[in-house]
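Right, one structure below, let's go through it.
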Amino acid sequence: MENIVPVGFHNRNYFIVADIVFTNNGVWGFNPRYHSQFTPAGIPLEEWLFFVIIPYASIFTHYVIIKYFPNACLSDKTTRVITWILLALLSSLVLIFHSRTYTAFYSAFMAVLLTVSLFRKSRLLNRFYITYLVIMLPFFLVNGILTGSFIPGEVVWYSESGITGFRIFTVPFEDIMYGFSLIFLNLILMEKLRMLSGKKNLIQNDKN
């Protein structure tokens with residue numbers, strides 16, 4: 001968790017830029033009834049805070065599960081099979097729904113992250129496939145409220161032209177890929193930073 005601050009800063013930049021572009025192009029938007037009037041770059045303050053709070057809480061949950069359930073880990077073979085199946089499904093989504101901005105973009109984004117992890121032979125997915133299933137429980141509760149469950153009117157709305165239209169309760173199916181990418185990119189960058197830090201320390205020890 002020690003690398004989450006520098007990693008989180010860079011990771012937020014990618015998603016915030018996409019958020020600004022999507023919001024300004026009407027792919028999704030925010031109900032002014034539920035947010036403050038402070039909207040830098042057209043994005044409510046609360047949405048900016050989302051990119052701080054949600055990744056941190058999710059990554060914290062990921063490591064807590066690993067701490068208390070160290071054996072919650074898939075085999076390399078099972079992880080590869082799941083990854084290849086997901087890559088096939090994601091590629092199909094991109095091809096079939098290439099004109100649906102939210103669907104195509106985050107299906108492709110998640111596919112790239114899976115491919116990077118697969119060919120780097122990283123074992124992050126061995127645990128993350130399990131921990132993400134746990135993370136999705138509060139994720140769907142919160143996103144359900146944000147998209148209109150239990151409240152009069154949604155906090156976040158989505159253009160039907162940008163999504164498949166398939167929803168889990170009121171949550172767009174695409175949010176699964178979005179959430180996966182948001183959290184998993186953090187873990188990839190944290191692992192990379194940890195490796196670079198380890199090499200730097202090794203070189204320093206050799207010099208000493």
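Quick note on naming: the chains in the structure tokens go A, B, ... in the order shown, residues restart at 1 in each chain, and ligands are numbered from 1 in order of appearance.
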
Alpha helix (DSSP H) per DSSP on the backbone: members of segment 16-137 of chain A, as a ChimeraX atom specification:
/A:16-24,45-68,76-96,101-119,124-137

Picked from segment 65-174 of chain A by DSSP as strand (DSSP E or B), as a PyMOL selection string
chain A and resi 156-158+167-168+171-172

Output of the above residues as an mmCIF file, in the first residue's frame, restricted to all heavy atoms:
data_model
loop_
_atom_site.group_PDB
_atom_site.id
_atom_site.type_symbol
_atom_site.label_atom_id
_atom_site.label_comp_id
_atom_site.auth_asym_id
_atom_site.auth_seq_id
_atom_site.Cartn_x
_atom_site.Cartn_y
_atom_site.Cartn_z
ATOM 1 N N VAL A 156 -26.127 9.822 -11.465
ATOM 2 C CA VAL A 156 -25.377 9.741 -12.721
ATOM 3 C C VAL A 156 -26.281 9.144 -13.790
ATOM 4 O O VAL A 156 -26.903 8.108 -13.561
ATOM 5 C CB VAL A 156 -24.110 8.865 -12.569
ATOM 6 C CG1 VAL A 156 -23.304 8.855 -13.862
ATOM 7 C CG2 VAL A 156 -23.258 9.327 -11.402
ATOM 8 N N TRP A 157 -26.358 9.807 -14.940
ATOM 9 C CA TRP A 157 -27.144 9.251 -16.032
ATOM 10 C C TRP A 157 -26.217 8.854 -17.188
ATOM 11 O O TRP A 157 -25.116 9.377 -17.321
ATOM 12 C CB TRP A 157 -28.199 10.240 -16.530
ATOM 13 C CG TRP A 157 -27.680 11.578 -16.971
ATOM 14 C CD1 TRP A 157 -27.640 12.729 -16.235
ATOM 15 C CD2 TRP A 157 -27.096 11.902 -18.243
ATOM 16 N NE1 TRP A 157 -27.079 13.743 -16.960
ATOM 17 C CE2 TRP A 157 -26.738 13.275 -18.196
ATOM 18 C CE3 TRP A 157 -26.860 11.181 -19.407
ATOM 19 C CZ2 TRP A 157 -26.143 13.929 -19.280
ATOM 20 C CZ3 TRP A 157 -26.262 11.833 -20.485
ATOM 21 C CH2 TRP A 157 -25.917 13.188 -20.419
ATOM 22 N N TYR A 158 -26.674 7.908 -17.987
ATOM 23 C CA TYR A 158 -25.899 7.416 -19.131
ATOM 24 C C TYR A 158 -26.729 7.534 -20.405
ATOM 25 O O TYR A 158 -27.913 7.195 -20.417
ATOM 26 C CB TYR A 158 -25.508 5.948 -18.939
ATOM 27 C CG TYR A 158 -24.587 5.711 -17.772
ATOM 28 C CD1 TYR A 158 -25.090 5.567 -16.480
ATOM 29 C CD2 TYR A 158 -23.210 5.622 -17.953
ATOM 30 C CE1 TYR A 158 -24.246 5.356 -15.395
ATOM 31 C CE2 TYR A 158 -22.359 5.407 -16.881
ATOM 32 C CZ TYR A 158 -22.885 5.272 -15.608
ATOM 33 O OH TYR A 158 -22.048 5.064 -14.545
ATOM 34 N N ARG A 167 -28.499 -3.740 -18.146
ATOM 35 C CA ARG A 167 -28.225 -3.240 -16.797
ATOM 36 C C ARG A 167 -28.439 -4.334 -15.766
ATOM 37 O O ARG A 167 -29.281 -5.221 -15.941
ATOM 38 C CB ARG A 167 -29.125 -2.043 -16.470
ATOM 39 C CG ARG A 167 -28.835 -0.793 -17.316
ATOM 40 C CD ARG A 167 -29.823 0.310 -17.000
ATOM 41 N NE ARG A 167 -29.607 1.495 -17.819
ATOM 42 C CZ ARG A 167 -29.065 2.629 -17.379
ATOM 43 N NH1 ARG A 167 -28.665 2.727 -16.119
ATOM 44 N NH2 ARG A 167 -28.912 3.664 -18.184
ATOM 45 N N ILE A 168 -27.666 -4.255 -14.705
ATOM 46 C CA ILE A 168 -27.847 -5.117 -13.546
ATOM 47 C C ILE A 168 -28.536 -4.242 -12.509
ATOM 48 O O ILE A 168 -27.913 -3.349 -11.936
ATOM 49 C CB ILE A 168 -26.512 -5.667 -13.045
ATOM 50 C CG1 ILE A 168 -25.813 -6.427 -14.175
ATOM 51 C CG2 ILE A 168 -26.712 -6.568 -11.832
ATOM 52 C CD1 ILE A 168 -24.387 -6.829 -13.881
ATOM 53 N N VAL A 171 -27.690 -0.511 -12.761
ATOM 54 C CA VAL A 171 -26.269 -0.292 -13.059
ATOM 55 C C VAL A 171 -25.935 -0.784 -14.463
ATOM 56 O O VAL A 171 -26.165 -1.961 -14.778
ATOM 57 C CB VAL A 171 -25.365 -1.022 -12.041
ATOM 58 C CG1 VAL A 171 -23.897 -0.770 -12.355
ATOM 59 C CG2 VAL A 171 -25.698 -0.582 -10.618
ATOM 60 N N PRO A 172 -25.394 0.083 -15.319
ATOM 61 C CA PRO A 172 -24.983 -0.370 -16.656
ATOM 62 C C PRO A 172 -23.949 -1.487 -16.562
ATOM 63 O O PRO A 172 -23.025 -1.418 -15.738
ATOM 64 C CB PRO A 172 -24.374 0.888 -17.287
ATOM 65 C CG PRO A 172 -24.988 2.024 -16.556
ATOM 66 C CD PRO A 172 -25.175 1.533 -15.151
#

Work out how far apart atom CA of Met190 of chain A and atom CA of Leu93 of chain A are and give it in Å to one decimal.
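For atom CA of Met190 of chain A relative to atom CA of Leu93 of chain A, the distance reads 28.5 Å.
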
May I have the residues within 9 Å of Thr83 of chain A as a ChimeraX atom specification, using only C-alpha atoms and disregarding those fewer than 5 positions away in the same chain?
/A:78,88,114-115,118,125

Would you mind exporting N, CA and C atoms of the selected residues as a PDB file, in the first residue's frame?
ATOM      1  N   THR A  78      -5.739 -21.866 -14.037  1.00  0.00           N
ATOM      2  CA  THR A  78      -7.114 -21.351 -13.952  1.00  0.00           C
ATOM      3  C   THR A  78      -7.153 -19.874 -14.315  1.00  0.00           C
ATOM      4  N   ALA A  88     -11.591 -12.954 -25.030  1.00  0.00           N
ATOM      5  CA  ALA A  88     -12.475 -13.285 -26.151  1.00  0.00           C
ATOM      6  C   ALA A  88     -13.800 -12.537 -26.035  1.00  0.00           C
ATOM      7  N   LEU A 114      -5.530  -6.772 -19.258  1.00  0.00           N
ATOM      8  CA  LEU A 114      -5.424  -8.224 -19.121  1.00  0.00           C
ATOM      9  C   LEU A 114      -4.283  -8.768 -19.966  1.00  0.00           C
ATOM     10  N   THR A 115      -4.144  -8.242 -21.166  1.00  0.00           N
ATOM     11  CA  THR A 115      -3.072  -8.686 -22.069  1.00  0.00           C
ATOM     12  C   THR A 115      -1.705  -8.355 -21.487  1.00  0.00           C
ATOM     13  N   LEU A 118      -1.035 -10.706 -18.681  1.00  0.00           N
ATOM     14  CA  LEU A 118      -0.826 -12.067 -19.178  1.00  0.00           C
ATOM     15  C   LEU A 118       0.583 -12.263 -19.708  1.00  0.00           C
ATOM     16  N   LEU A 125      -3.462 -11.179 -11.145  1.00  0.00           N
ATOM     17  CA  LEU A 125      -4.817 -11.638 -11.456  1.00  0.00           C
ATOM     18  C   LEU A 125      -5.212 -12.875 -10.659  1.00  0.00           C
TER      19      LEU A 125
END

Can you tell me which residues surround Asn24 of chain A at a distance of at most 9 Å, considering only C-alpha atoms, apart from same-chain residues fewer than 3 positions away, and format the answer as a PDB file with N, CA, C and O atoms, in the first residue's frame?
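Resulting contents of out_27.pdb:
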ATOM      1  N   ASP A  19     -13.118  10.897 -18.234  1.00  0.00           N
ATOM      2  CA  ASP A  19     -14.362  11.360 -17.620  1.00  0.00           C
ATOM      3  C   ASP A  19     -14.783  12.719 -18.190  1.00  0.00           C
ATOM      4  O   ASP A  19     -15.956  12.945 -18.528  1.00  0.00           O
ATOM      5  N   ILE A  20     -13.822  13.617 -18.308  1.00  0.00           N
ATOM      6  CA  ILE A  20     -14.102  14.947 -18.851  1.00  0.00           C
ATOM      7  C   ILE A  20     -14.581  14.853 -20.293  1.00  0.00           C
ATOM      8  O   ILE A  20     -15.573  15.482 -20.680  1.00  0.00           O
ATOM      9  N   VAL A  21     -13.881  14.047 -21.089  1.00  0.00           N
ATOM     10  CA  VAL A  21     -14.251  13.888 -22.502  1.00  0.00           C
ATOM     11  C   VAL A  21     -15.641  13.275 -22.634  1.00  0.00           C
ATOM     12  O   VAL A  21     -16.487  13.752 -23.410  1.00  0.00           O
ATOM     13  N   VAL A  27     -21.818  11.300 -23.104  1.00  0.00           N
ATOM     14  CA  VAL A  27     -21.853   9.844 -22.905  1.00  0.00           C
ATOM     15  C   VAL A  27     -22.483   9.540 -21.551  1.00  0.00           C
ATOM     16  O   VAL A  27     -23.243   8.581 -21.395  1.00  0.00           O
ATOM     17  N   TRP A  28     -22.144  10.358 -20.563  1.00  0.00           N
ATOM     18  CA  TRP A  28     -22.806  10.315 -19.265  1.00  0.00           C
ATOM     19  C   TRP A  28     -22.830  11.725 -18.696  1.00  0.00           C
ATOM     20  O   TRP A  28     -22.207  12.638 -19.234  1.00  0.00           O
ATOM     21  N   GLY A  29     -23.571  11.892 -17.616  1.00  0.00           N
ATOM     22  CA  GLY A  29     -23.658  13.216 -17.005  1.00  0.00           C
ATOM     23  C   GLY A  29     -24.140  13.105 -15.572  1.00  0.00           C
ATOM     24  O   GLY A  29     -24.372  11.994 -15.063  1.00  0.00           O
ATOM     25  N   ALA A  41     -13.768  21.856 -14.998  1.00  0.00           N
ATOM     26  CA  ALA A  41     -13.749  21.171 -16.296  1.00  0.00           C
ATOM     27  C   ALA A  41     -15.067  20.472 -16.606  1.00  0.00           C
ATOM     28  O   ALA A  41     -15.106  19.502 -17.369  1.00  0.00           O
ATOM     29  N   GLY A  42     -16.140  20.956 -15.994  1.00  0.00           N
ATOM     30  CA  GLY A  42     -17.448  20.374 -16.239  1.00  0.00           C
ATOM     31  C   GLY A  42     -17.748  19.144 -15.404  1.00  0.00           C
ATOM     32  O   GLY A  42     -18.789  18.511 -15.580  1.00  0.00           O
ATOM     33  N   ILE A  43     -16.841  18.813 -14.470  1.00  0.00           N
ATOM     34  CA  ILE A  43     -16.997  17.627 -13.625  1.00  0.00           C
ATOM     35  C   ILE A  43     -17.280  18.074 -12.192  1.00  0.00           C
ATOM     36  O   ILE A  43     -16.512  18.859 -11.623  1.00  0.00           O
TER      37      ILE A  43
END

Within 10 Å of segment 57-67 of chain A using only C-alpha atoms, minus same-chain residues under 3 positions, as a PyMOL selection string
chain A and resi 1+4+52-54+70-73+127-128+130-132+134-136+138-139+179+182-184+186-187

Taking N, CA and C atoms for each residue, export the selection above as an mmCIF file, in the first residue's frame.
data_model
loop_
_atom_site.group_PDB
_atom_site.id
_atom_site.type_symbol
_atom_site.label_atom_id
_atom_site.label_comp_id
_atom_site.auth_asym_id
_atom_site.auth_seq_id
_atom_site.Cartn_x
_atom_site.Cartn_y
_atom_site.Cartn_z
ATOM 1 N N MET A 1 0.820 -1.212 0.000
ATOM 2 C CA MET A 1 0.000 0.000 0.000
ATOM 3 C C MET A 1 0.852 1.260 0.000
ATOM 4 N N ILE A 4 0.655 3.596 -3.130
ATOM 5 C CA ILE A 4 -0.650 3.973 -3.663
ATOM 6 C C ILE A 4 -0.781 5.462 -3.951
ATOM 7 N N VAL A 52 -10.384 9.536 -5.844
ATOM 8 C CA VAL A 52 -9.484 9.415 -4.696
ATOM 9 C C VAL A 52 -9.991 8.320 -3.763
ATOM 10 N N ILE A 53 -11.277 8.397 -3.438
ATOM 11 C CA ILE A 53 -11.845 7.542 -2.391
ATOM 12 C C ILE A 53 -12.057 6.102 -2.853
ATOM 13 N N ILE A 54 -12.669 5.929 -4.026
ATOM 14 C CA ILE A 54 -13.036 4.582 -4.470
ATOM 15 C C ILE A 54 -11.810 3.697 -4.749
ATOM 16 N N PRO A 70 -4.969 -15.663 2.983
ATOM 17 C CA PRO A 70 -3.781 -15.810 2.122
ATOM 18 C C PRO A 70 -3.892 -16.924 1.090
ATOM 19 N N ASN A 71 -4.783 -17.876 1.329
ATOM 20 C CA ASN A 71 -4.935 -18.983 0.385
ATOM 21 C C ASN A 71 -5.967 -18.694 -0.699
ATOM 22 N N ALA A 72 -6.559 -17.511 -0.658
ATOM 23 C CA ALA A 72 -7.536 -17.125 -1.680
ATOM 24 C C ALA A 72 -6.786 -16.714 -2.944
ATOM 25 N N CYS A 73 -6.352 -17.718 -3.676
ATOM 26 C CA CYS A 73 -5.511 -17.478 -4.847
ATOM 27 C C CYS A 73 -5.759 -18.569 -5.884
ATOM 28 N N ARG A 127 -5.068 -13.377 -7.639
ATOM 29 C CA ARG A 127 -5.807 -12.941 -6.449
ATOM 30 C C ARG A 127 -6.913 -11.943 -6.801
ATOM 31 N N PHE A 128 -6.643 -11.091 -7.786
ATOM 32 C CA PHE A 128 -7.589 -10.018 -8.057
ATOM 33 C C PHE A 128 -8.914 -10.526 -8.600
ATOM 34 N N ILE A 130 -10.491 -12.950 -7.534
ATOM 35 C CA ILE A 130 -11.266 -13.292 -6.335
ATOM 36 C C ILE A 130 -11.667 -12.035 -5.576
ATOM 37 N N THR A 131 -10.703 -11.152 -5.335
ATOM 38 C CA THR A 131 -11.001 -9.972 -4.521
ATOM 39 C C THR A 131 -11.976 -9.030 -5.237
ATOM 40 N N TYR A 132 -11.931 -9.003 -6.565
ATOM 41 C CA TYR A 132 -12.849 -8.115 -7.293
ATOM 42 C C TYR A 132 -14.298 -8.573 -7.134
ATOM 43 N N VAL A 134 -15.527 -9.760 -4.445
ATOM 44 C CA VAL A 134 -15.929 -9.215 -3.138
ATOM 45 C C VAL A 134 -16.159 -7.708 -3.248
ATOM 46 N N ILE A 135 -15.253 -7.031 -3.931
ATOM 47 C CA ILE A 135 -15.358 -5.571 -4.094
ATOM 48 C C ILE A 135 -16.643 -5.194 -4.823
ATOM 49 N N MET A 136 -17.109 -6.066 -5.719
ATOM 50 C CA MET A 136 -18.304 -5.752 -6.497
ATOM 51 C C MET A 136 -19.577 -5.691 -5.651
ATOM 52 N N PRO A 138 -20.153 -4.126 -2.496
ATOM 53 C CA PRO A 138 -20.438 -2.708 -2.182
ATOM 54 C C PRO A 138 -20.481 -1.841 -3.427
ATOM 55 N N PHE A 139 -19.729 -2.239 -4.452
ATOM 56 C CA PHE A 139 -19.704 -1.500 -5.708
ATOM 57 C C PHE A 139 -21.102 -1.411 -6.316
ATOM 58 N N GLY A 179 -14.925 -0.458 -13.433
ATOM 59 C CA GLY A 179 -14.408 -0.666 -12.087
ATOM 60 C C GLY A 179 -13.178 -1.555 -12.069
ATOM 61 N N LEU A 182 -10.220 0.500 -13.410
ATOM 62 C CA LEU A 182 -9.823 1.549 -12.470
ATOM 63 C C LEU A 182 -8.952 0.990 -11.350
ATOM 64 N N ILE A 183 -9.345 -0.149 -10.809
ATOM 65 C CA ILE A 183 -8.611 -0.736 -9.680
ATOM 66 C C ILE A 183 -7.385 -1.496 -10.148
ATOM 67 N N PHE A 184 -7.542 -2.293 -11.210
ATOM 68 C CA PHE A 184 -6.442 -3.150 -11.634
ATOM 69 C C PHE A 184 -5.267 -2.349 -12.189
ATOM 70 N N ASN A 186 -4.260 0.459 -11.053
ATOM 71 C CA ASN A 186 -3.534 0.858 -9.842
ATOM 72 C C ASN A 186 -2.608 -0.262 -9.371
ATOM 73 N N LEU A 187 -3.113 -1.491 -9.348
ATOM 74 C CA LEU A 187 -2.318 -2.619 -8.870
ATOM 75 C C LEU A 187 -1.133 -2.896 -9.790
#

Please identify all polymer residues within 9 Å of Ser107 of chain A, counting only C-alpha atoms, omitting same-chain residues fewer than 3 positions from it, and present them as a list in words.
Leu89, Leu90, Ser91, Leu93, Val94, Tyr102, Thr103, Ala104, Met110, Ala111, Val112, Glu174, Met177 and Tyr178 of chain A

Show which residues sit within 9 Å of Ser161 of chain A, as a ChimeraX atom specification. Count only C-alpha atoms, and ignore same-chain residues fewer than 4 positions away.
/A:27,99-101,165

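Counting only C-alpha atoms and comparing A:Val155, A:Phe166, A:Ala108, A:Tyr14, the residue that lies closest to Phe30 of chain A is A:Val155.
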